[in-house]
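Have a look at the structure below before the remarks.
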Amino acid sequence: MDRPPAYTTRGLTKVYGEGRSAVHALRGVDLQIPQGEIVVLLGPSGSGKSTLLNIIGGLDRATEGTVHFRDACLSDMTDTELTRYRRDHVGFVFQFYNLMPSLTAHENVELVTEIANDPMDPDEALALVGLTARTDHFPAQLSGGEQQRVAIARAIAKQPDVLFCDEPTGALDSATGRSVLEVLRDVNARLGSTVLMVTHAASQAQMADRVIHFADGAIRDVVRNDTKLGPEEIVW
């Protein structure tokens, strides 16, 4: 790798259930993810990519194996330590926006800044995603793309080292989806955050620095993308 790793996993497995009904979501995943890159985890539904995202994001624990964030071993952390890791280092963007319906865009972002160590101003975060004119609007007054951009603003307001995005364009049309991808590219460029995006849409992987192909709970291939496309060039 050209850059030091943000994450290193060794022998990572995740099993749900026991006996004959057990589901092996991850099967011995060895992986390094460089700092500061846009990385796409690509694969069909049920391939294990979201499970991996949840484990390295500190939302779930592996059955076996280890995960390191830089020099810190997440696998050895207590629940309290994992909470601190998520608070201090990680931003999350999900397919469904998880905004508080009774709060304005500004107030939704402000919620996160109240617990972050070094937050940016909510208005600055909303400006980065192009929503300066919509800060006082409630989620019901925003389009799907605008709500997703509020969710991104909320995630980046912590100035996270890593931004995890689980199917961030899955509920959006092509034009709106491209605008969200443009925001993720800009966040990577401006803040230097590592961006990890889960998707089953192969076309979106064309904007990534690195593409990790998943199937049946294992990595099938890792491809370095030397000819990235801009979001506006992606065919939906």
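Labels for the structure tokens follow display order: chains A, B, ..., residues from 1 in each chain, ligands from 1.
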Pick out each residue of segment 109-192 of chain A that DSSP on the backbone tags as helix (DSSP H, G or I); I need them as a compact mmCIF listing (two decimals) with all heavy atoms, in the first residue's frame.
# COMPACT_ATOMS: atom_id res chain seq x y z
N VAL A 109 -27.88 18.02 12.89
CA VAL A 109 -26.42 18.02 12.86
C VAL A 109 -25.85 18.43 14.21
O VAL A 109 -24.87 17.87 14.71
CB VAL A 109 -25.90 18.95 11.74
CG1 VAL A 109 -24.38 19.04 11.78
CG2 VAL A 109 -26.38 18.46 10.38
N GLU A 110 -26.50 19.39 14.85
CA GLU A 110 -26.04 19.92 16.13
C GLU A 110 -26.01 18.84 17.21
O GLU A 110 -25.17 18.87 18.12
CB GLU A 110 -26.94 21.07 16.56
CG GLU A 110 -26.42 21.89 17.73
CD GLU A 110 -27.30 23.08 18.01
OE1 GLU A 110 -28.54 22.98 17.84
OE2 GLU A 110 -26.76 24.14 18.39
N LEU A 111 -26.91 17.87 17.12
CA LEU A 111 -26.94 16.77 18.10
C LEU A 111 -25.58 16.09 18.20
O LEU A 111 -25.11 15.76 19.30
CB LEU A 111 -27.99 15.74 17.69
CG LEU A 111 -29.44 15.99 18.07
CD1 LEU A 111 -30.31 14.87 17.54
CD2 LEU A 111 -29.60 16.11 19.58
N VAL A 112 -24.95 15.88 17.05
CA VAL A 112 -23.66 15.18 17.04
C VAL A 112 -22.54 16.08 17.53
O VAL A 112 -21.64 15.64 18.25
CB VAL A 112 -23.36 14.67 15.61
CG1 VAL A 112 -21.92 14.20 15.50
CG2 VAL A 112 -24.31 13.54 15.25
N THR A 113 -22.59 17.35 17.18
CA THR A 113 -21.50 18.25 17.58
C THR A 113 -21.43 18.43 19.09
O THR A 113 -20.38 18.79 19.63
CB THR A 113 -21.65 19.62 16.90
OG1 THR A 113 -22.85 20.26 17.35
CG2 THR A 113 -21.70 19.47 15.39
N PRO A 122 -22.25 23.31 12.85
CA PRO A 122 -23.28 22.65 12.04
C PRO A 122 -23.53 23.35 10.71
O PRO A 122 -23.76 22.68 9.68
CB PRO A 122 -24.52 22.70 12.95
CG PRO A 122 -23.97 22.73 14.33
CD PRO A 122 -22.72 23.53 14.24
N ASP A 123 -23.51 24.68 10.71
CA ASP A 123 -23.74 25.40 9.46
C ASP A 123 -22.61 25.15 8.46
O ASP A 123 -22.85 25.09 7.24
CB ASP A 123 -23.87 26.90 9.73
CG ASP A 123 -25.17 27.26 10.43
OD1 ASP A 123 -26.17 26.53 10.21
OD2 ASP A 123 -25.20 28.23 11.19
N GLU A 124 -21.39 24.97 8.96
CA GLU A 124 -20.27 24.67 8.07
C GLU A 124 -20.44 23.29 7.46
O GLU A 124 -20.20 23.08 6.25
CB GLU A 124 -18.95 24.74 8.84
CG GLU A 124 -17.73 24.44 7.99
CD GLU A 124 -16.44 24.42 8.79
OE1 GLU A 124 -16.49 24.74 10.01
OE2 GLU A 124 -15.39 24.09 8.21
N ALA A 125 -20.87 22.33 8.28
CA ALA A 125 -21.09 20.97 7.77
C ALA A 125 -22.19 20.95 6.72
O ALA A 125 -22.07 20.29 5.69
CB ALA A 125 -21.43 20.03 8.93
N LEU A 126 -23.27 21.68 6.97
CA LEU A 126 -24.36 21.74 6.00
C LEU A 126 -23.93 22.46 4.73
O LEU A 126 -24.38 22.12 3.63
CB LEU A 126 -25.58 22.41 6.63
CG LEU A 126 -26.31 21.55 7.67
CD1 LEU A 126 -27.24 22.40 8.51
CD2 LEU A 126 -27.08 20.42 6.99
N ALA A 127 -23.06 23.46 4.87
CA ALA A 127 -22.55 24.15 3.68
C ALA A 127 -21.70 23.21 2.83
O ALA A 127 -21.76 23.27 1.59
CB ALA A 127 -21.73 25.37 4.10
N LEU A 128 -20.95 22.30 3.46
CA LEU A 128 -20.12 21.36 2.71
C LEU A 128 -20.94 20.43 1.84
O LEU A 128 -20.46 19.94 0.81
CB LEU A 128 -19.26 20.53 3.68
CG LEU A 128 -18.02 21.21 4.25
CD1 LEU A 128 -17.34 20.30 5.26
CD2 LEU A 128 -17.04 21.56 3.13
N THR A 132 -26.94 25.06 2.64
CA THR A 132 -27.00 26.30 3.40
C THR A 132 -28.40 26.89 3.43
O THR A 132 -28.85 27.42 4.46
CB THR A 132 -26.02 27.33 2.81
OG1 THR A 132 -24.68 26.80 2.92
CG2 THR A 132 -26.10 28.65 3.54
N ALA A 133 -29.12 26.77 2.32
CA ALA A 133 -30.45 27.37 2.23
C ALA A 133 -31.54 26.53 2.88
O ALA A 133 -32.69 26.95 2.94
CB ALA A 133 -30.81 27.62 0.77
N ARG A 134 -31.18 25.34 3.40
CA ARG A 134 -32.20 24.42 3.93
C ARG A 134 -31.99 24.11 5.41
O ARG A 134 -32.61 23.19 5.94
CB ARG A 134 -32.18 23.12 3.14
CG ARG A 134 -32.23 23.27 1.63
CD ARG A 134 -33.61 23.73 1.17
NE ARG A 134 -34.49 22.59 0.97
CZ ARG A 134 -35.79 22.69 0.71
NH1 ARG A 134 -36.35 23.89 0.66
NH2 ARG A 134 -36.52 21.63 0.53
N PRO A 139 -37.05 17.40 8.24
CA PRO A 139 -36.87 16.32 7.27
C PRO A 139 -38.05 16.15 6.32
O PRO A 139 -37.84 15.88 5.12
CB PRO A 139 -36.69 15.08 8.17
CG PRO A 139 -36.01 15.63 9.38
CD PRO A 139 -36.64 16.98 9.60
N ALA A 140 -39.28 16.31 6.80
CA ALA A 140 -40.45 16.14 5.94
C ALA A 140 -40.52 17.20 4.84
O ALA A 140 -41.24 17.04 3.85
CB ALA A 140 -41.73 16.17 6.76
N GLN A 141 -39.78 18.28 5.00
CA GLN A 141 -39.76 19.35 4.01
C GLN A 141 -38.60 19.20 3.03
O GLN A 141 -38.42 20.06 2.17
CB GLN A 141 -39.65 20.71 4.72
CG GLN A 141 -40.83 21.02 5.64
CD GLN A 141 -40.59 22.27 6.47
OE1 GLN A 141 -39.55 22.43 7.12
NE2 GLN A 141 -41.56 23.18 6.44
N GLY A 144 -35.50 13.26 -0.69
CA GLY A 144 -34.69 12.14 -0.22
C GLY A 144 -33.21 12.44 -0.30
O GLY A 144 -32.44 12.14 0.62
N GLY A 145 -32.77 13.05 -1.41
CA GLY A 145 -31.36 13.40 -1.54
C GLY A 145 -30.91 14.42 -0.53
O GLY A 145 -29.80 14.35 0.00
N GLU A 146 -31.78 15.39 -0.24
CA GLU A 146 -31.43 16.40 0.76
C GLU A 146 -31.35 15.78 2.15
O GLU A 146 -30.46 16.13 2.94
CB GLU A 146 -32.46 17.52 0.73
CG GLU A 146 -32.34 18.41 -0.50
CD GLU A 146 -33.49 19.40 -0.63
OE1 GLU A 146 -34.59 19.13 -0.11
OE2 GLU A 146 -33.29 20.45 -1.27
N GLN A 147 -32.26 14.86 2.45
CA GLN A 147 -32.19 14.19 3.75
C GLN A 147 -30.90 13.38 3.88
O GLN A 147 -30.27 13.36 4.94
CB GLN A 147 -33.40 13.27 3.93
CG GLN A 147 -34.71 14.02 4.12
CD GLN A 147 -35.87 13.08 4.37
OE1 GLN A 147 -35.88 12.35 5.36
NE2 GLN A 147 -36.86 13.09 3.48
N GLN A 148 -30.50 12.72 2.79
CA GLN A 148 -29.26 11.96 2.85
C GLN A 148 -28.06 12.89 3.03
O GLN A 148 -27.11 12.57 3.75
CB GLN A 148 -29.08 11.11 1.58
CG GLN A 148 -27.92 10.14 1.61
CD GLN A 148 -28.02 9.10 2.70
OE1 GLN A 148 -27.97 9.43 3.90
NE2 GLN A 148 -28.17 7.86 2.32
N ARG A 149 -28.11 14.06 2.43
CA ARG A 149 -27.01 15.01 2.60
C ARG A 149 -26.99 15.57 4.03
O ARG A 149 -25.91 15.86 4.57
CB ARG A 149 -27.12 16.13 1.57
CG ARG A 149 -26.62 15.69 0.19
CD ARG A 149 -26.53 16.85 -0.77
NE ARG A 149 -27.82 17.18 -1.35
CZ ARG A 149 -28.11 18.34 -1.93
NH1 ARG A 149 -27.21 19.32 -1.97
NH2 ARG A 149 -29.29 18.55 -2.46
N VAL A 150 -28.15 15.73 4.66
CA VAL A 150 -28.17 16.10 6.09
C VAL A 150 -27.50 15.00 6.91
O VAL A 150 -26.73 15.27 7.83
CB VAL A 150 -29.61 16.35 6.58
CG1 VAL A 150 -29.61 16.56 8.10
CG2 VAL A 150 -30.22 17.55 5.89
N ALA A 151 -27.82 13.74 6.57
CA ALA A 151 -27.21 12.62 7.29
C ALA A 151 -25.69 12.62 7.13
O ALA A 151 -24.94 12.33 8.07
CB ALA A 151 -27.80 11.30 6.79
N ILE A 152 -25.22 12.97 5.93
CA ILE A 152 -23.77 13.05 5.71
C ILE A 152 -23.19 14.22 6.49
O ILE A 152 -22.12 14.10 7.12
CB ILE A 152 -23.47 13.19 4.21
CG1 ILE A 152 -23.89 11.92 3.46
CG2 ILE A 152 -21.98 13.46 3.98
CD1 ILE A 152 -23.82 12.04 1.95
N ALA A 153 -23.88 15.35 6.48
CA ALA A 153 -23.42 16.50 7.26
C ALA A 153 -23.31 16.15 8.73
O ALA A 153 -22.35 16.53 9.42
CB ALA A 153 -24.36 17.69 7.06
N ARG A 154 -24.29 15.43 9.23
CA ARG A 154 -24.26 15.01 10.64
C ARG A 154 -23.05 14.12 10.90
O ARG A 154 -22.39 14.24 11.95
CB ARG A 154 -25.56 14.26 10.96
CG ARG A 154 -25.67 13.76 12.38
CD ARG A 154 -26.99 13.02 12.59
NE ARG A 154 -27.12 11.91 11.67
CZ ARG A 154 -28.25 11.20 11.51
NH1 ARG A 154 -29.33 11.52 12.20
NH2 ARG A 154 -28.29 10.21 10.66
N ALA A 155 -22.75 13.23 9.97
CA ALA A 155 -21.61 12.32 10.15
C ALA A 155 -20.28 13.05 10.09
O ALA A 155 -19.37 12.78 10.88
CB ALA A 155 -21.66 11.21 9.10
N ILE A 156 -20.14 14.01 9.16
CA ILE A 156 -18.84 14.67 8.99
C ILE A 156 -18.63 15.80 9.97
O ILE A 156 -17.50 16.28 10.12
CB ILE A 156 -18.67 15.19 7.55
CG1 ILE A 156 -19.65 16.31 7.23
CG2 ILE A 156 -18.78 14.04 6.56
CD1 ILE A 156 -19.45 16.95 5.87
N SER A 174 -31.09 8.23 -9.89
CA SER A 174 -29.73 8.37 -10.40
C SER A 174 -29.17 9.78 -10.21
O SER A 174 -28.01 9.93 -9.77
CB SER A 174 -29.69 7.99 -11.88
OG SER A 174 -30.57 8.80 -12.64
N ALA A 175 -29.95 10.81 -10.51
CA ALA A 175 -29.44 12.18 -10.39
C ALA A 175 -29.13 12.51 -8.94
O ALA A 175 -28.07 13.09 -8.62
CB ALA A 175 -30.45 13.17 -10.96
N THR A 176 -30.03 12.14 -8.04
CA THR A 176 -29.83 12.42 -6.63
C THR A 176 -28.68 11.58 -6.08
O THR A 176 -27.87 12.06 -5.28
CB THR A 176 -31.11 12.13 -5.84
OG1 THR A 176 -32.20 12.83 -6.43
CG2 THR A 176 -30.97 12.56 -4.39
N GLY A 177 -28.59 10.33 -6.54
CA GLY A 177 -27.51 9.46 -6.10
C GLY A 177 -26.15 10.00 -6.48
O GLY A 177 -25.20 9.96 -5.70
N ARG A 178 -26.05 10.53 -7.70
CA ARG A 178 -24.77 11.12 -8.13
C ARG A 178 -24.39 12.31 -7.26
O ARG A 178 -23.21 12.49 -6.93
CB ARG A 178 -24.86 11.55 -9.60
CG ARG A 178 -24.85 10.40 -10.60
CD ARG A 178 -24.68 10.90 -12.02
NE ARG A 178 -24.87 9.82 -12.98
CZ ARG A 178 -26.03 9.53 -13.56
NH1 ARG A 178 -27.10 10.27 -13.31
NH2 ARG A 178 -26.12 8.52 -14.41
N SER A 179 -25.37 13.11 -6.88
CA SER A 179 -25.06 14.27 -6.03
C SER A 179 -24.55 13.83 -4.67
O SER A 179 -23.65 14.48 -4.10
CB SER A 179 -26.29 15.18 -5.88
OG SER A 179 -27.29 14.58 -5.08
N VAL A 180 -25.08 12.72 -4.15
CA VAL A 180 -24.60 12.20 -2.87
C VAL A 180 -23.18 11.67 -3.02
O VAL A 180 -22.31 11.90 -2.16
CB VAL A 180 -25.55 11.10 -2.34
CG1 VAL A 180 -24.92 10.32 -1.20
CG2 VAL A 180 -26.87 11.72 -1.89
N LEU A 181 -22.89 10.97 -4.11
CA LEU A 181 -21.54 10.48 -4.35
C LEU A 181 -20.55 11.63 -4.49
O LEU A 181 -19.40 11.54 -4.05
CB LEU A 181 -21.50 9.60 -5.60
CG LEU A 181 -22.29 8.29 -5.53
CD1 LEU A 181 -22.15 7.53 -6.85
CD2 LEU A 181 -21.84 7.42 -4.37
N GLU A 182 -20.99 12.73 -5.10
CA GLU A 182 -20.13 13.91 -5.21
C GLU A 182 -19.77 14.46 -3.83
O GLU A 182 -18.64 14.88 -3.58
CB GLU A 182 -20.81 14.98 -6.06
CG GLU A 182 -20.87 14.64 -7.54
CD GLU A 182 -21.71 15.62 -8.33
OE1 GLU A 182 -22.28 16.55 -7.71
OE2 GLU A 182 -21.81 15.46 -9.56
N VAL A 183 -20.74 14.45 -2.94
CA VAL A 183 -20.49 14.92 -1.57
C VAL A 183 -19.46 14.03 -0.89
O VAL A 183 -18.52 14.51 -0.23
CB VAL A 183 -21.80 14.97 -0.77
CG1 VAL A 183 -21.51 15.20 0.71
CG2 VAL A 183 -22.72 16.06 -1.30
N LEU A 184 -19.59 12.71 -1.05
CA LEU A 184 -18.64 11.78 -0.42
C LEU A 184 -17.24 11.99 -0.98
O LEU A 184 -16.25 11.96 -0.23
CB LEU A 184 -19.09 10.34 -0.65
CG LEU A 184 -20.42 9.95 0.01
CD1 LEU A 184 -20.76 8.50 -0.33
CD2 LEU A 184 -20.39 10.15 1.51
N ARG A 185 -17.14 12.22 -2.28
CA ARG A 185 -15.83 12.49 -2.89
C ARG A 185 -15.23 13.77 -2.31
O ARG A 185 -14.03 13.83 -1.98
CB ARG A 185 -15.98 12.62 -4.40
CG ARG A 185 -14.68 12.95 -5.13
CD ARG A 185 -14.95 13.33 -6.57
NE ARG A 185 -15.83 14.50 -6.67
CZ ARG A 185 -16.33 14.95 -7.82
NH1 ARG A 185 -16.04 14.34 -8.96
NH2 ARG A 185 -17.13 16.02 -7.85
N ASP A 186 -16.06 14.80 -2.16
CA ASP A 186 -15.57 16.08 -1.64
C ASP A 186 -15.14 15.96 -0.18
O ASP A 186 -14.15 16.58 0.24
CB ASP A 186 -16.65 17.16 -1.78
CG ASP A 186 -16.92 17.52 -3.24
OD1 ASP A 186 -16.11 17.14 -4.11
OD2 ASP A 186 -17.96 18.16 -3.50
N VAL A 187 -15.87 15.18 0.61
CA VAL A 187 -15.50 14.98 2.01
C VAL A 187 -14.14 14.30 2.09
O VAL A 187 -13.28 14.67 2.90
CB VAL A 187 -16.58 14.13 2.72
CG1 VAL A 187 -16.07 13.63 4.07
CG2 VAL A 187 -17.85 14.95 2.90
N ASN A 188 -13.93 13.31 1.25
CA ASN A 188 -12.63 12.63 1.21
C ASN A 188 -11.52 13.61 0.85
O ASN A 188 -10.45 13.61 1.47
CB ASN A 188 -12.70 11.48 0.21
CG ASN A 188 -11.34 10.87 -0.09
OD1 ASN A 188 -10.77 11.12 -1.14
ND2 ASN A 188 -10.82 10.08 0.83
N ALA A 189 -11.77 14.47 -0.13
CA ALA A 189 -10.74 15.40 -0.59
C ALA A 189 -10.49 16.51 0.42
O ALA A 189 -9.33 16.88 0.68
CB ALA A 189 -11.15 15.99 -1.94
N ARG A 190 -11.54 17.06 1.02
CA ARG A 190 -11.39 18.23 1.89
C ARG A 190 -10.95 17.87 3.30
O ARG A 190 -10.12 18.56 3.90
CB ARG A 190 -12.72 19.00 1.96
CG ARG A 190 -13.15 19.60 0.64
CD ARG A 190 -14.37 20.48 0.85
NE ARG A 190 -14.99 20.86 -0.41
CZ ARG A 190 -15.98 21.74 -0.52
NH1 ARG A 190 -16.46 22.33 0.57
NH2 ARG A 190 -16.51 22.02 -1.69
N LEU A 191 -11.52 16.80 3.84
CA LEU A 191 -11.21 16.43 5.23
C LEU A 191 -10.14 15.36 5.33
O LEU A 191 -9.61 15.12 6.41
CB LEU A 191 -12.48 15.96 5.94
CG LEU A 191 -13.65 16.94 6.03
CD1 LEU A 191 -14.79 16.33 6.84
CD2 LEU A 191 -13.21 18.26 6.65
Find the nearest atom pair between each residue of segment 2-35 of chain A and segment 48-57 of chain A for residues within 10 Å, count only C-alpha atoms, give distances in Å to one decimal, sort rows by chain and ascending number, and present the table as JSON lines.
{"residue": "A:Tyr7", "atom": "CA", "partner": "A:Ile56", "partner_atom": "CA", "distance": 7.7}
{"residue": "A:Thr8", "atom": "CA", "partner": "A:Ile56", "partner_atom": "CA", "distance": 9.2}
{"residue": "A:Thr9", "atom": "CA", "partner": "A:Ile56", "partner_atom": "CA", "distance": 8.5}
{"residue": "A:Leu12", "atom": "CA", "partner": "A:Leu52", "partner_atom": "CA", "distance": 8.6}
{"residue": "A:Thr13", "atom": "CA", "partner": "A:Leu52", "partner_atom": "CA", "distance": 9.1}
{"residue": "A:Lys14", "atom": "CA", "partner": "A:Thr51", "partner_atom": "CA", "distance": 7.9}
{"residue": "A:His24", "atom": "CA", "partner": "A:Gly48", "partner_atom": "CA", "distance": 8.8}
{"residue": "A:Ala25", "atom": "CA", "partner": "A:Gly48", "partner_atom": "CA", "distance": 5.2}
{"residue": "A:Leu26", "atom": "CA", "partner": "A:Gly48", "partner_atom": "CA", "distance": 5.8}
{"residue": "A:Arg27", "atom": "CA", "partner": "A:Gly48", "partner_atom": "CA", "distance": 8.9}
{"residue": "A:Val29", "atom": "CA", "partner": "A:Leu52", "partner_atom": "CA", "distance": 8.8}
Could you save the residues just selected, with all heavy atoms, as a PDB file, in the first residue's frame?
ATOM      1  N   TYR A   7      -7.148   0.257   8.746  1.00  0.00           N
ATOM      2  CA  TYR A   7      -7.657  -0.970   9.354  1.00  0.00           C
ATOM      3  C   TYR A   7      -6.861  -2.168   8.860  1.00  0.00           C
ATOM      4  O   TYR A   7      -6.473  -2.243   7.688  1.00  0.00           O
ATOM      5  CB  TYR A   7      -9.127  -1.192   9.002  1.00  0.00           C
ATOM      6  CG  TYR A   7     -10.055  -0.200   9.648  1.00  0.00           C
ATOM      7  CD1 TYR A   7     -10.492   0.919   8.951  1.00  0.00           C
ATOM      8  CD2 TYR A   7     -10.478  -0.361  10.967  1.00  0.00           C
ATOM      9  CE1 TYR A   7     -11.325   1.849   9.543  1.00  0.00           C
ATOM     10  CE2 TYR A   7     -11.306   0.563  11.572  1.00  0.00           C
ATOM     11  CZ  TYR A   7     -11.728   1.667  10.850  1.00  0.00           C
ATOM     12  OH  TYR A   7     -12.542   2.598  11.450  1.00  0.00           O
ATOM     13  N   THR A   8      -6.663  -3.118   9.773  1.00  0.00           N
ATOM     14  CA  THR A   8      -6.075  -4.406   9.436  1.00  0.00           C
ATOM     15  C   THR A   8      -6.904  -5.484  10.118  1.00  0.00           C
ATOM     16  O   THR A   8      -7.137  -5.413  11.334  1.00  0.00           O
ATOM     17  CB  THR A   8      -4.617  -4.509   9.923  1.00  0.00           C
ATOM     18  OG1 THR A   8      -3.853  -3.437   9.359  1.00  0.00           O
ATOM     19  CG2 THR A   8      -4.005  -5.837   9.514  1.00  0.00           C
ATOM     20  N   THR A   9      -7.387  -6.448   9.349  1.00  0.00           N
ATOM     21  CA  THR A   9      -8.119  -7.565   9.931  1.00  0.00           C
ATOM     22  C   THR A   9      -7.353  -8.859   9.665  1.00  0.00           C
ATOM     23  O   THR A   9      -6.716  -9.008   8.625  1.00  0.00           O
ATOM     24  CB  THR A   9      -9.545  -7.702   9.359  1.00  0.00           C
ATOM     25  OG1 THR A   9      -9.492  -8.203   8.014  1.00  0.00           O
ATOM     26  CG2 THR A   9     -10.263  -6.357   9.364  1.00  0.00           C
ATOM     27  N   LEU A  12     -10.822 -12.875  10.270  1.00  0.00           N
ATOM     28  CA  LEU A  12     -12.094 -12.378  10.799  1.00  0.00           C
ATOM     29  C   LEU A  12     -13.252 -13.289  10.382  1.00  0.00           C
ATOM     30  O   LEU A  12     -13.499 -13.508   9.196  1.00  0.00           O
ATOM     31  CB  LEU A  12     -12.339 -10.959  10.283  1.00  0.00           C
ATOM     32  CG  LEU A  12     -13.172 -10.028  11.172  1.00  0.00           C
ATOM     33  CD1 LEU A  12     -12.469  -9.816  12.503  1.00  0.00           C
ATOM     34  CD2 LEU A  12     -13.382  -8.703  10.462  1.00  0.00           C
ATOM     35  N   THR A  13     -13.957 -13.814  11.370  1.00  0.00           N
ATOM     36  CA  THR A  13     -15.141 -14.636  11.096  1.00  0.00           C
ATOM     37  C   THR A  13     -16.322 -14.107  11.899  1.00  0.00           C
ATOM     38  O   THR A  13     -16.158 -13.512  12.968  1.00  0.00           O
ATOM     39  CB  THR A  13     -14.918 -16.120  11.468  1.00  0.00           C
ATOM     40  OG1 THR A  13     -14.799 -16.240  12.895  1.00  0.00           O
ATOM     41  CG2 THR A  13     -13.671 -16.662  10.810  1.00  0.00           C
ATOM     42  N   LYS A  14     -17.501 -14.332  11.359  1.00  0.00           N
ATOM     43  CA  LYS A  14     -18.738 -13.996  12.069  1.00  0.00           C
ATOM     44  C   LYS A  14     -19.755 -15.083  11.784  1.00  0.00           C
ATOM     45  O   LYS A  14     -20.078 -15.349  10.625  1.00  0.00           O
ATOM     46  CB  LYS A  14     -19.284 -12.637  11.621  1.00  0.00           C
ATOM     47  CG  LYS A  14     -20.561 -12.208  12.346  1.00  0.00           C
ATOM     48  CD  LYS A  14     -20.332 -11.980  13.836  1.00  0.00           C
ATOM     49  CE  LYS A  14     -21.603 -11.506  14.531  1.00  0.00           C
ATOM     50  NZ  LYS A  14     -21.369 -11.249  15.973  1.00  0.00           N
ATOM     51  N   HIS A  24     -22.721 -18.472   8.377  1.00  0.00           N
ATOM     52  CA  HIS A  24     -21.339 -17.968   8.378  1.00  0.00           C
ATOM     53  C   HIS A  24     -21.295 -16.710   7.513  1.00  0.00           C
ATOM     54  O   HIS A  24     -21.155 -16.783   6.292  1.00  0.00           O
ATOM     55  CB  HIS A  24     -20.388 -19.042   7.852  1.00  0.00           C
ATOM     56  CG  HIS A  24     -20.295 -20.235   8.746  1.00  0.00           C
ATOM     57  ND1 HIS A  24     -19.256 -20.414   9.645  1.00  0.00           N
ATOM     58  CD2 HIS A  24     -21.125 -21.294   8.905  1.00  0.00           C
ATOM     59  CE1 HIS A  24     -19.442 -21.536  10.309  1.00  0.00           C
ATOM     60  NE2 HIS A  24     -20.565 -22.103   9.881  1.00  0.00           N
ATOM     61  N   ALA A  25     -21.394 -15.559   8.172  1.00  0.00           N
ATOM     62  CA  ALA A  25     -21.445 -14.291   7.439  1.00  0.00           C
ATOM     63  C   ALA A  25     -20.073 -13.855   6.964  1.00  0.00           C
ATOM     64  O   ALA A  25     -19.948 -13.244   5.891  1.00  0.00           O
ATOM     65  CB  ALA A  25     -22.064 -13.210   8.324  1.00  0.00           C
ATOM     66  N   LEU A  26     -19.027 -14.137   7.749  1.00  0.00           N
ATOM     67  CA  LEU A  26     -17.647 -13.872   7.344  1.00  0.00           C
ATOM     68  C   LEU A  26     -16.831 -15.136   7.560  1.00  0.00           C
ATOM     69  O   LEU A  26     -16.984 -15.816   8.578  1.00  0.00           O
ATOM     70  CB  LEU A  26     -17.033 -12.720   8.157  1.00  0.00           C
ATOM     71  CG  LEU A  26     -17.616 -11.322   7.952  1.00  0.00           C
ATOM     72  CD1 LEU A  26     -16.910 -10.330   8.866  1.00  0.00           C
ATOM     73  CD2 LEU A  26     -17.520 -10.876   6.506  1.00  0.00           C
ATOM     74  N   ARG A  27     -15.925 -15.409   6.613  1.00  0.00           N
ATOM     75  CA  ARG A  27     -15.165 -16.656   6.654  1.00  0.00           C
ATOM     76  C   ARG A  27     -13.662 -16.363   6.555  1.00  0.00           C
ATOM     77  O   ARG A  27     -13.072 -16.471   5.484  1.00  0.00           O
ATOM     78  CB  ARG A  27     -15.595 -17.576   5.512  1.00  0.00           C
ATOM     79  CG  ARG A  27     -17.074 -17.944   5.519  1.00  0.00           C
ATOM     80  CD  ARG A  27     -17.454 -18.700   4.263  1.00  0.00           C
ATOM     81  NE  ARG A  27     -18.875 -19.013   4.193  1.00  0.00           N
ATOM     82  CZ  ARG A  27     -19.424 -20.144   4.611  1.00  0.00           C
ATOM     83  NH1 ARG A  27     -18.655 -21.096   5.132  1.00  0.00           N
ATOM     84  NH2 ARG A  27     -20.721 -20.345   4.506  1.00  0.00           N
ATOM     85  N   VAL A  29     -11.594 -13.403   7.059  1.00  0.00           N
ATOM     86  CA  VAL A  29     -11.230 -12.256   6.219  1.00  0.00           C
ATOM     87  C   VAL A  29      -9.920 -11.630   6.689  1.00  0.00           C
ATOM     88  O   VAL A  29      -9.801 -11.193   7.823  1.00  0.00           O
ATOM     89  CB  VAL A  29     -12.363 -11.203   6.236  1.00  0.00           C
ATOM     90  CG1 VAL A  29     -11.920  -9.937   5.509  1.00  0.00           C
ATOM     91  CG2 VAL A  29     -13.619 -11.768   5.596  1.00  0.00           C
TER      92      VAL A  29
END
If you count only C-alpha atoms, which residues fall within 7 Å of Leu99 of chain A, apart from same-chain ones fewer than 2 positions away, as a count of residues only?
4
Identify which of the residues A:Pro231, A:Gly217, A:Gly65, A:Pro44 lies closest to Ser203 of chain A, counting only C-alpha atoms when measuring atom-to-atom distances.
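Ranked by minimum distance to Ser203 of chain A, first place goes to A:Pro231.
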